[in-house]
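Source file: my_file02.txt. Holds: compact mmCIF, C-alpha atoms.
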# COMPACT_ATOMS: atom_id res chain seq x y z
CA MET A 242 0.00 0.00 0.00
CA ASN A 243 1.24 3.48 -0.78
CA PRO A 244 2.33 5.09 2.52
CA ASP A 245 0.47 8.32 1.79
CA THR A 246 -2.85 6.55 1.23
CA PRO A 247 -5.11 6.39 4.32
CA THR A 248 -5.70 2.81 5.49
CA SER A 249 -9.47 3.20 5.31
CA LEU A 250 -9.25 4.27 1.67
CA ALA A 251 -7.02 1.36 0.73
CA SER A 252 -8.87 -1.38 2.58
CA GLY A 253 -12.52 -0.45 2.16
CA PRO A 254 -15.10 2.33 1.85
CA PRO A 255 -13.59 5.63 3.06
CA ASP A 256 -14.93 7.20 6.24
CA SER A 257 -15.49 10.97 6.49
CA ALA A 258 -12.62 11.49 8.92
CA ALA A 259 -10.15 9.84 6.52
CA LEU A 260 -11.40 11.93 3.62
CA ALA A 261 -11.00 15.13 5.62
CA ARG A 262 -7.35 14.24 6.32
CA TYR A 263 -6.60 13.43 2.69
CA PRO A 264 -7.10 16.47 0.43
CA LEU A 265 -6.72 14.55 -2.84
CA SER A 266 -9.90 12.65 -2.02
CA LEU A 267 -11.77 15.97 -2.19
CA CYS A 268 -10.87 16.45 -5.86
CA ARG A 269 -13.23 15.45 -8.66
CA PHE A 270 -12.45 14.93 -12.34
CA VAL A 271 -15.37 15.49 -14.72
CA LEU A 272 -15.29 14.26 -18.34
CA VAL A 273 -17.93 15.80 -20.61
CA GLU A 274 -19.26 13.78 -23.56
CA THR A 275 -16.15 11.62 -23.92
CA SER A 276 -16.04 9.85 -27.28
CA HIS A 277 -13.49 7.07 -26.89
CA PRO A 278 -13.88 4.32 -24.24
CA GLY A 279 -10.11 3.81 -24.18
CA ASN A 280 -9.65 7.37 -22.97
CA VAL A 281 -11.94 6.74 -20.02
CA GLY A 282 -9.86 3.74 -18.98
CA SER A 283 -6.65 5.72 -19.42
CA VAL A 284 -8.02 8.53 -17.27
CA ALA A 285 -8.81 6.05 -14.50
CA ARG A 286 -5.23 4.79 -14.65
CA ALA A 287 -3.83 8.35 -14.67
CA LEU A 288 -5.83 9.24 -11.56
CA LYS A 289 -4.83 6.14 -9.63
CA THR A 290 -1.11 6.63 -10.32
CA MET A 291 -1.36 10.05 -8.66
CA GLY A 292 -3.34 8.82 -5.66
CA LEU A 293 -6.70 10.12 -6.90
CA GLY A 294 -9.90 8.28 -7.71
CA LEU A 295 -9.97 6.67 -4.25
CA ALA A 296 -13.16 8.31 -3.00
CA PRO A 297 -16.76 8.29 -4.28
CA ARG A 298 -17.46 10.68 -7.19
CA SER A 299 -13.75 11.19 -7.90
CA LEU A 300 -14.44 10.46 -11.58
CA VAL A 301 -17.71 11.63 -13.13
CA LEU A 302 -18.71 11.12 -16.77
CA VAL A 303 -21.31 13.44 -18.31
CA SER A 304 -23.20 11.82 -21.19
CA PRO A 305 -20.35 9.69 -22.63
CA ARG A 306 -20.95 8.57 -26.21
CA ASP A 307 -21.05 4.92 -25.09
CA PRO A 308 -23.54 4.59 -22.20
CA ASP A 309 -21.91 1.28 -21.20
CA VAL A 310 -18.40 2.72 -21.32
CA LEU A 311 -17.38 1.46 -17.87
CA ARG A 312 -17.62 -2.13 -19.10
CA HIS A 313 -16.29 -1.51 -22.60
CA PRO A 314 -13.32 -3.83 -23.38
CA GLU A 315 -11.13 -0.89 -24.47
CA ALA A 316 -11.83 1.03 -21.27
CA VAL A 317 -11.09 -1.99 -19.10
CA ALA A 318 -7.89 -2.78 -21.00
CA MET A 319 -6.60 0.81 -20.82
CA ALA A 320 -7.39 1.07 -17.09
CA SER A 321 -4.67 -1.55 -16.61
CA GLY A 322 -4.87 -2.10 -12.86
CA ALA A 323 -7.13 0.87 -12.11
CA ASP A 324 -10.25 -1.24 -12.58
CA ASP A 325 -11.52 -0.12 -9.17
CA VAL A 326 -11.39 3.56 -10.18
CA LEU A 327 -13.10 2.77 -13.48
CA ALA A 328 -15.82 0.67 -11.86
CA SER A 329 -16.60 3.35 -9.25
CA ALA A 330 -16.94 6.17 -11.80
CA CYS A 331 -20.32 7.92 -11.86
CA LEU A 332 -22.35 8.44 -15.06
CA VAL A 333 -24.70 11.44 -15.13
CA ASP A 334 -26.83 13.08 -17.81
CA HIS A 335 -26.15 16.75 -17.08
CA ILE A 336 -23.31 18.97 -15.94
CA ASP A 337 -25.43 20.15 -12.98
CA GLU A 338 -25.28 16.64 -11.53
CA ALA A 339 -21.54 16.40 -12.13
CA LEU A 340 -20.80 19.68 -10.33
CA ALA A 341 -23.22 19.17 -7.44
CA GLY A 342 -21.43 19.97 -4.19
CA ALA A 343 -18.31 21.38 -5.88
CA THR A 344 -17.09 24.63 -4.31
CA LEU A 345 -14.35 25.38 -6.86
CA THR A 346 -14.74 24.47 -10.53
CA VAL A 347 -11.80 24.58 -12.95
CA ALA A 348 -12.39 24.33 -16.71
CA LEU A 349 -9.63 22.93 -18.93
CA SER A 350 -9.68 24.73 -22.27
CA ALA A 351 -7.08 26.26 -24.58
CA ARG A 352 -9.64 28.08 -26.72
CA PRO A 353 -9.32 31.90 -26.45
CA ARG A 354 -12.47 33.55 -25.10
CA GLU A 355 -13.30 37.24 -24.78
CA PHE A 356 -15.26 36.56 -21.62
CA GLY A 357 -15.24 33.80 -19.08
CA PRO A 358 -13.60 32.90 -15.79
CA VAL A 359 -10.20 34.12 -14.67
CA ARG A 360 -7.48 32.27 -16.59
CA LEU A 361 -4.60 30.87 -14.55
CA ALA A 362 -1.66 28.61 -15.24
CA PRO A 363 -2.27 24.99 -14.14
CA ARG A 364 -0.04 25.27 -11.07
CA GLU A 365 -1.75 28.49 -9.95
CA ALA A 366 -5.21 26.98 -10.48
CA VAL A 367 -4.24 23.90 -8.50
CA ALA A 368 -2.80 26.07 -5.71
CA GLN A 369 -6.15 27.84 -5.39
CA ALA A 370 -7.95 24.50 -5.33
CA VAL A 371 -5.71 23.04 -2.62
CA ALA A 372 -5.98 26.21 -0.53
CA GLN A 373 -9.77 26.02 -0.67
CA LEU A 374 -9.75 22.35 0.32
CA GLN A 375 -8.71 23.50 3.80
CA ALA A 376 -12.25 24.86 4.26
CA PRO A 377 -15.07 22.69 5.61
CA GLU A 378 -17.25 20.86 3.09
CA ALA A 379 -14.98 21.88 0.20
CA CYS A 380 -14.67 20.04 -3.11
CA ALA A 381 -12.69 21.00 -6.22
CA ALA A 382 -13.83 19.82 -9.66
CA PHE A 383 -11.69 19.80 -12.81
CA ILE A 384 -13.75 19.67 -16.01
CA PHE A 385 -12.49 18.28 -19.33
CA GLY A 386 -14.35 18.48 -22.63
CA ASN A 387 -14.92 16.21 -25.59
CA GLU A 388 -11.79 15.05 -27.42
CA ARG A 389 -12.77 16.82 -30.66
CA THR A 390 -14.73 19.90 -29.64
CA GLY A 391 -13.60 20.61 -26.07
CA LEU A 392 -15.83 22.30 -23.51
CA PRO A 393 -18.84 24.34 -24.68
CA ASN A 394 -18.99 28.01 -23.68
CA GLU A 395 -21.98 27.55 -21.40
CA ILE A 396 -20.02 25.14 -19.20
CA VAL A 397 -16.83 27.22 -19.20
CA GLU A 398 -18.71 30.39 -18.23
CA ARG A 399 -20.12 28.80 -15.09
CA CYS A 400 -16.71 27.68 -13.79
CA SER A 401 -14.68 29.49 -11.15
CA LEU A 402 -11.41 29.35 -13.10
CA ILE A 403 -10.08 28.33 -16.48
CA THR A 404 -6.68 26.83 -17.22
CA HIS A 405 -4.84 25.11 -20.03
CA ILE A 406 -1.59 23.22 -20.35
CA PRO A 407 0.97 25.39 -22.19
CA ALA A 408 2.10 22.84 -24.77
CA ASN A 409 4.08 23.32 -27.97
CA PRO A 410 2.08 25.91 -29.98
CA ASP A 411 3.03 24.12 -33.20
CA TYR A 412 1.57 20.84 -31.93
CA ALA A 413 -0.55 21.30 -28.82
CA SER A 414 -2.71 18.20 -29.30
CA LEU A 415 -2.81 16.49 -25.90
CA ASN A 416 -4.71 13.27 -25.42
CA LEU A 417 -7.48 13.55 -22.82
CA SER A 418 -5.78 11.19 -20.39
CA GLN A 419 -2.47 13.05 -20.80
CA ALA A 420 -4.16 16.30 -19.79
CA VAL A 421 -5.75 14.58 -16.79
CA GLN A 422 -2.39 13.05 -15.83
CA LEU A 423 -0.68 16.45 -15.83
CA MET A 424 -3.36 18.09 -13.70
CA ALA A 425 -3.41 15.12 -11.32
CA TYR A 426 0.38 15.39 -11.00
CA GLU A 427 0.12 19.09 -10.16
CA LEU A 428 -2.46 18.28 -7.49
CA ARG A 429 -0.25 15.59 -5.97
CA LEU A 430 2.73 17.91 -6.03
CA ALA A 431 0.75 20.70 -4.37
CA VAL A 432 -0.53 18.41 -1.60
CA HIS A 433 2.63 16.41 -0.89
CA GLY A 434 5.38 18.72 -2.07
CA ALA A 435 4.45 22.09 -0.62
CA THR A 436 3.49 23.44 2.78
CA ALA A 437 0.16 25.11 3.43
CA PRO A 438 0.14 28.93 3.43
CA ALA A 439 1.15 30.42 6.78
CA THR A 440 -2.00 32.54 6.81
CA GLN A 441 -4.50 29.72 6.33
CA ASP A 442 -5.74 29.93 9.95
CA VAL A 443 -5.88 33.73 10.08
CA GLY A 444 -9.30 35.36 10.00
CA PHE A 445 -12.76 33.92 9.44
CA GLN A 446 -13.26 31.27 6.77
CA GLY A 447 -16.80 30.28 5.87
CA VAL A 448 -18.19 27.30 4.00
CA PRO A 449 -17.53 27.65 0.24
CA ALA A 450 -20.61 27.96 -1.95
CA THR A 451 -21.45 24.98 -4.14
CA ALA A 452 -21.87 25.15 -7.90
CA GLU A 453 -25.64 24.73 -7.65
CA GLN A 454 -25.92 27.47 -4.99
CA ILE A 455 -24.01 29.85 -7.26
CA GLU A 456 -26.17 28.97 -10.28
CA GLY A 457 -29.32 29.64 -8.25
CA MET A 458 -27.90 33.00 -7.18
CA PHE A 459 -27.18 34.06 -10.76
CA GLU A 460 -30.69 33.10 -11.86
CA HIS A 461 -32.10 35.18 -8.98
CA LEU A 462 -29.86 38.16 -9.75
CA GLU A 463 -30.79 38.04 -13.42
CA GLN A 464 -34.51 38.17 -12.54
CA ALA A 465 -33.91 41.18 -10.30
CA LEU A 466 -31.85 43.03 -12.91
CA VAL A 467 -34.55 42.47 -15.53
CA GLU A 468 -37.24 43.64 -13.10
CA ILE A 469 -35.54 46.99 -12.44
CA GLY A 470 -34.74 47.51 -16.13
CA PHE A 471 -30.97 47.27 -15.74
CA LEU A 472 -30.83 44.16 -17.94
CA ASP A 473 -32.74 44.05 -21.21
CA PRO A 474 -33.43 40.35 -21.94
CA ALA A 475 -33.85 41.21 -25.62
CA GLN A 476 -30.34 42.72 -25.72
CA PRO A 477 -28.46 41.27 -22.74
CA LYS A 478 -25.05 41.92 -24.31
CA ARG A 479 -22.39 40.47 -21.96
CA LEU A 480 -23.71 41.67 -18.61
CA MET A 481 -24.24 38.27 -16.98
CA PRO A 482 -20.92 36.77 -18.19
CA ARG A 483 -19.15 39.87 -16.83
CA LEU A 484 -20.91 39.46 -13.48
CA ARG A 485 -19.92 35.79 -13.43
CA ARG A 486 -16.31 36.73 -14.08
CA LEU A 487 -16.39 39.41 -11.37
CA LEU A 488 -17.86 37.14 -8.70
CA ALA A 489 -15.72 34.14 -9.69
CA ARG A 490 -12.70 36.14 -8.52
CA THR A 491 -14.11 36.42 -5.00
CA GLY A 492 -14.31 32.73 -4.05
CA LEU A 493 -17.92 32.98 -2.89
CA GLU A 494 -18.97 31.48 0.42
CA ALA A 495 -22.42 30.02 1.03
CA GLU A 496 -23.43 32.88 3.34
CA GLU A 497 -22.32 35.45 0.76
CA VAL A 498 -24.49 33.74 -1.85
CA ASN A 499 -27.41 33.94 0.58
CA ILE A 500 -26.80 37.68 1.06
CA LEU A 501 -26.83 38.31 -2.70
CA ARG A 502 -29.99 36.25 -3.09
CA GLY A 503 -31.56 38.22 -0.25
CA ILE A 504 -30.76 41.46 -2.08
CA ALA A 505 -32.29 40.08 -5.29
CA LYS A 506 -35.39 38.93 -3.39
CA HIS A 507 -36.02 42.36 -1.87
CA ILE A 508 -35.46 44.08 -5.23
CA LEU A 509 -38.14 41.87 -6.75
CA LEU A 510 -40.54 42.41 -3.83
CA HIS A 511 -40.05 46.19 -3.94
CA GLU A 512 -40.58 46.41 -7.68
CA ARG A 513 -43.70 44.27 -7.57
CA ARG A 514 -45.16 46.38 -4.73
CA GLU A 515 -44.38 49.56 -6.66
CA ASN A 516 -45.94 48.20 -9.84
CA GLY A 517 -48.98 47.03 -7.94
CA SER A 518 -49.60 50.47 -6.39
CA ARG A 519 -49.60 52.30 -9.71

Here is a file; write its structure as structure tokens.
Amino acid sequence: MNPDTPTSLASGPPDSAALARYPLSLCRFVLVETSHPGNVGSVARALKTMGLGLAPRSLVLVSPRDPDVLRHPEAVAMASGADDVLASACLVDHIDEALAGATLTVALSARPREFGPVRLAPREAVAQAVAQLQAPEACAAFIFGNERTGLPNEIVERCSLITHIPANPDYASLNLSQAVQLMAYELRLAVHGATAPATQDVGFQGVPATAEQIEGMFEHLEQALVEIGFLDPAQPKRLMPRLRRLLARTGLEAEEVNILRGIAKHILLHERRENGSR
């Protein structure tokens, strides 16, 4: 058994105390619409070699092309000893299910975008993820797109951060499992090869907001902005993506999301009372 793997994770179902002591178990890898079964098996192997994939929901597949991919002969062959990681992978139909409970979401995409989350180098993105994993109930998700088309804009825009692996610009074609391997290595290096920031226990640190809490907040804010006439739904321009980018930089906590939703709620109530009295 690897000495840095908790006994409970190696010998049976992990308990919550073991997971809390082992930050890599709080990381999730999400594959969106993966085309090739062999890549799924290779990803499972890449995760296990870096000490990931040991906890439930460590590997989540969103609408893979082959619905029976976990038992596909190519996937099983390419897993090559990581059959346990492959077998425990979760299949879901929508990105909302894949990101449920995640408090930091990192999109992997090399495509230039005018708007979107803050772009960081892989090591910087991983450092932010590991720092957040010190908080209670935290979970970091790394999202990878389809082998041919990558991640769609609507998924990238809802992520906290975006990163890409700075490969040779003349031939930057990384295989999906290679990209996963590199990010998994950076995570392992950050957890086992660096000390935690000296300021991690200074000041108040709340519970990070989950992806679904943040999505609900944006829907609420958008309704309020439309109600007061600040956002024209017929010509929204880039207001909401800009707001997403602004708030993604803050590392929202659950209580902060509740405050923003409370503001949106009172805007809507005020406007409806005003409109009703006219």

- Task: Rank nothing, just name the residue among A:Val303, A:Ala425, A:Ala348, A:Ile504 nearest to A:Glu395, using all atoms listed in the file.
- Result: A:Ala348

- Nearest residue to A:Thr451 from the set A:Cys380, A:Val367, A:Ala296, A:Met291 (distances using only C-alpha atoms): A:Cys380

- Atomic distance atom CA of A:Ala343 - atom CA of A:Lys478, expressed in Å with one decimal: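 Atom CA of A:Lys478 lies 28.4 Å from atom CA of A:Ala343.
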
- Could you state the separation of atom CA of A:Asp324 and atom CA of A:Ala381 in Å, given to one decimal place?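 Between atom CA of A:Asp324 and atom CA of A:Ala381 the gap is 23.3 Å.
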
- Message: I need the residue nearest A:Ile403 from this list: A:Ala489, A:Val347, A:Ala330, A:Ala475. Use only C-alpha atoms for the distance.
- Response: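 Among A:Ala489, A:Val347, A:Ala330, A:Ala475, it is A:Val347 that comes nearest to A:Ile403.
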
- Just give me the gap between atom CA of A:Glu398 and atom CA of A:Ala372 in Å, one decimal is fine. 22.2 Å

- Item | Of the listed residues A:Val432, A:Leu423, A:Ala351, A:Leu392, that which approaches A:Thr404 most closely, counting only C-alpha atoms |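 Of all the options, A:Ala351 lies closest to A:Thr404.
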
- Item | Nearest to A:Val301, chosen from A:His461, A:His335, A:His277, A:His313, with only C-alpha atoms counted in the distances | A:His335
